[in-house]
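Notes follow once the structure below has been shown.
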Amino acid sequence: MKNFVEELKWRGMIQDIMPGTEEKLMEGPSAAYVGIDPTADSLHIGHLVSVMILKHFQNCGHKPIALVGGATGMIGDPSMKSAERNLLDEETLNHNVGCIKAQLGRFLDFDSDAPNKAELVNNYDWMKDYSFINFIRDIGKHITVNYMMAKDSVKKRLSRDSSEGMSFTEFSYQLMQGYDFYWLWKNKGCVLQLGGSDQWGNITTGTELIRRMDGGSAFALTCPLIRKADGTKFGKTEKGNVWLDAERTSPYEFYQFWLNVSDEDAERYIKIFTMLDRETIESAIAAHRENPGARELQKLLAKEITIMVHGKAEYDKALKASQILFGKATADDLKSLDERTFLSVFDGVPQYSLSKSLFPCDIIETLAITTDVFPSKGECRKMIQGGGVSVNKEKVTDTAFRFTADMLLDGKYILVQKGKKNYYILKFE
């Protein structure tokens with residue numbers, strides 16, 4: 001067994017830890033859980049810290065439990081939220097739970113015969129038949145309102161929203177999460193809850209409930225909420241969340257997100273979001289500091305996490321796509337891109353809508369008259385003759401060149417390159 005707490009410490013992944021946690025884990029294999037509310041049918045990279053902690057937990061010889069909150073997801077956690085969440089119906093929640101389980105399988109071993117194989121549980125299974133009267137009689141009497149009101153998550157929410165306050169539904173959330181911990185402690189031998197630092201109040205309600213109901217001991221460990229070096233929220237782009245689902249965030253966009261992080265963030269993220277060992281990481285950071293312009297640390301980070309989430313084949317495609325703009329890519333590389341990746345690579349590039357009825361069409365006429373890629377026919381002709389124009393990544397030197405339908409990428413696009421850096425998309429419909 002590896003020392004789980006030591007592993008997290010050098011990676012900068014511990015915010016709060018209950019006394020005795022490290023000693024308890026060193027006694028032998030233990031079980032711990034992380035709770036995830038299925039508010040969408042995909043995890044996003046904001047969830048990744050907790051998922052990586054579970055992965056490290058399993059890697060250190062312990063049993064990870066992923067709790068998908070089918071019941072608590074119907075309520076919404078007030079922690080760090082400024083408004084009450086929309087409540088989801090059962091059908092939507094079941095769909096979301098299934099999708100999230102499939103994603104977790106990329107990180108955790110659910111299927112082997114190892115004694116510490118991961119387990120997925122849904123708190124809806126033990127909450128669906130628990131009547132309100134029985135719950136407040138059996139569970140509610142053990143935790144006082146004073147105790148619940150003292151939690152930061154509650155105090156901050158109330159101070160932020162004094163006009164509307166907090167509904168009883170949301171207020172009860174920490175009691176339900178506390179009961180989850182109790183249920184897993186009682187039925188699965190789970191002694192530790194893991195989560196983000198905003199969950200500390202809810203997690204310790206669980207340890208307190210276990211102590212008051214059965215006199216048992218349980219433990220808590222949280223990781224820091226990840227921020228960018230400039231203080232802005234991690235995992236958000238202009239388009240919103242960076243999702244693990246390839247339909248929501250393409251593997252190319254996912255790869256680019258990590259490739260474009262700052263040097264300071266790359267040094268932190270490579271410890272948190274990869275399974276590389278300490279020696280490899282420290283060596284990569286040292287090499288990067290000597291030559292930061294090469295961005296080798298960002299490339300290593302992007303490679304490791306893209307392979308982990310999307311697999312080697314999708315990483316290879318994302319790498320090829322990146323080289324189309326910035327490296328030596330071929331016409332075949334361009335043709336291999338699906339439409340979504342093609343448009344992602346050339347996001348922001350000027351685009352012209354043309355009719356397929358124009359085929360076959362003269363290159364000079366098209367680029368200088370039909371569109372304004374060139375200001376004049378003469379300039380267009382001159383650049384073609386000088387070898388400065390490419391069509392679909394192949395150089396054109398013949399001024400009599402014509403665009404034809406068989407050149408279309410994904411049945412509708414032709415990529416024109418003027419000089420080294422100027423790209424234009426001709427969209428034929």
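Residue names in the structure tokens use chain letters A, B, ... in the order shown, residue numbers from 1 in each chain, and ligand numbers from 1 in the order shown.
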Just the residues within 10 Å of Lys141 in chain A, please, counting only C-alpha atoms, with nothing from its chain fewer than 5 positions along; format it as number ranges by chain. A: 135-136, 213
At a cut-off of 12 Å, using only C-alpha atoms, what residues contact Lys271 in chain A? Leave out same-chain residues fewer than 2 positions from it and give the result as a PyMOL selection string. chain A and resi 7-13+49+52-53+56+264-269+273-282+284-285+297+300-301+304-305
From the set A:Arg248, A:Lys228, A:His142, A:Lys412, which residue has the shortest atom-to-atom contact distance to Thr205 in chain A, counting only C-alpha atoms?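 Closest candidate: A:His142.
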Can you pull out every residue within 12 Å of Asp338 in chain A, counting only C-alpha atoms, but drop anything in the same chain fewer than 5 positions away, and send it as a PyMOL selection string? chain A and resi 250-252+314+317-318+321+333+343-345+409-413
With C-alpha atoms retained, export the selected residues as a PDB file, in the first residue's frame.
```
ATOM      1  CA  SER A 250     -14.635  17.944 -28.821  1.00  0.00           C
ATOM      2  CA  PRO A 251     -11.370  16.117 -28.034  1.00  0.00           C
ATOM      3  CA  TYR A 252      -9.574  18.812 -30.053  1.00  0.00           C
ATOM      4  CA  GLU A 314      -8.557  10.836 -30.180  1.00  0.00           C
ATOM      5  CA  LYS A 317      -6.355  13.229 -33.996  1.00  0.00           C
ATOM      6  CA  ALA A 318      -6.269  16.313 -31.748  1.00  0.00           C
ATOM      7  CA  ALA A 321      -5.506  18.949 -35.941  1.00  0.00           C
ATOM      8  CA  ASP A 333      -4.389  15.275 -42.346  1.00  0.00           C
ATOM      9  CA  LEU A 343     -14.579  24.204 -37.697  1.00  0.00           C
ATOM     10  CA  SER A 344     -12.979  24.206 -34.223  1.00  0.00           C
ATOM     11  CA  VAL A 345      -9.472  24.371 -35.710  1.00  0.00           C
ATOM     12  CA  LEU A 409     -14.070  18.810 -47.322  1.00  0.00           C
ATOM     13  CA  ASP A 410     -17.015  17.211 -45.493  1.00  0.00           C
ATOM     14  CA  GLY A 411     -19.038  17.880 -48.629  1.00  0.00           C
ATOM     15  CA  LYS A 412     -19.095  21.652 -48.252  1.00  0.00           C
ATOM     16  CA  TYR A 413     -15.770  23.367 -47.404  1.00  0.00           C
TER      17      TYR A 413
END
```
As an exercise, work out the distance from CA of Phe428 in chain A to CA of Ala405 in chain A in Å and give it to one decimal place.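 Taking CA of Phe428 in chain A as the start and CA of Ala405 in chain A as the end point, the length is 8.8 Å.
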Counting only C-alpha atoms, which of A:Gly206, A:Gly69, A:Gly216, A:Gly348 gets nearest to Tyr424 in chain A?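 Counting only C-alpha atoms, the residue closest to Tyr424 in chain A is A:Gly348.
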Taking the DSSP secondary structure from the backbone, can you list the residues of range 27-130 of chain A that are alpha helix (DSSP H), as a ChimeraX atom specification? /A:48-59,90-104,124-127
Using DSSP secondary structure from the backbone, list all strand (DSSP E) positions within range 151-323 of chain A, as a ChimeraX atom specification. /A:190-196,219-223,236-237,240-241
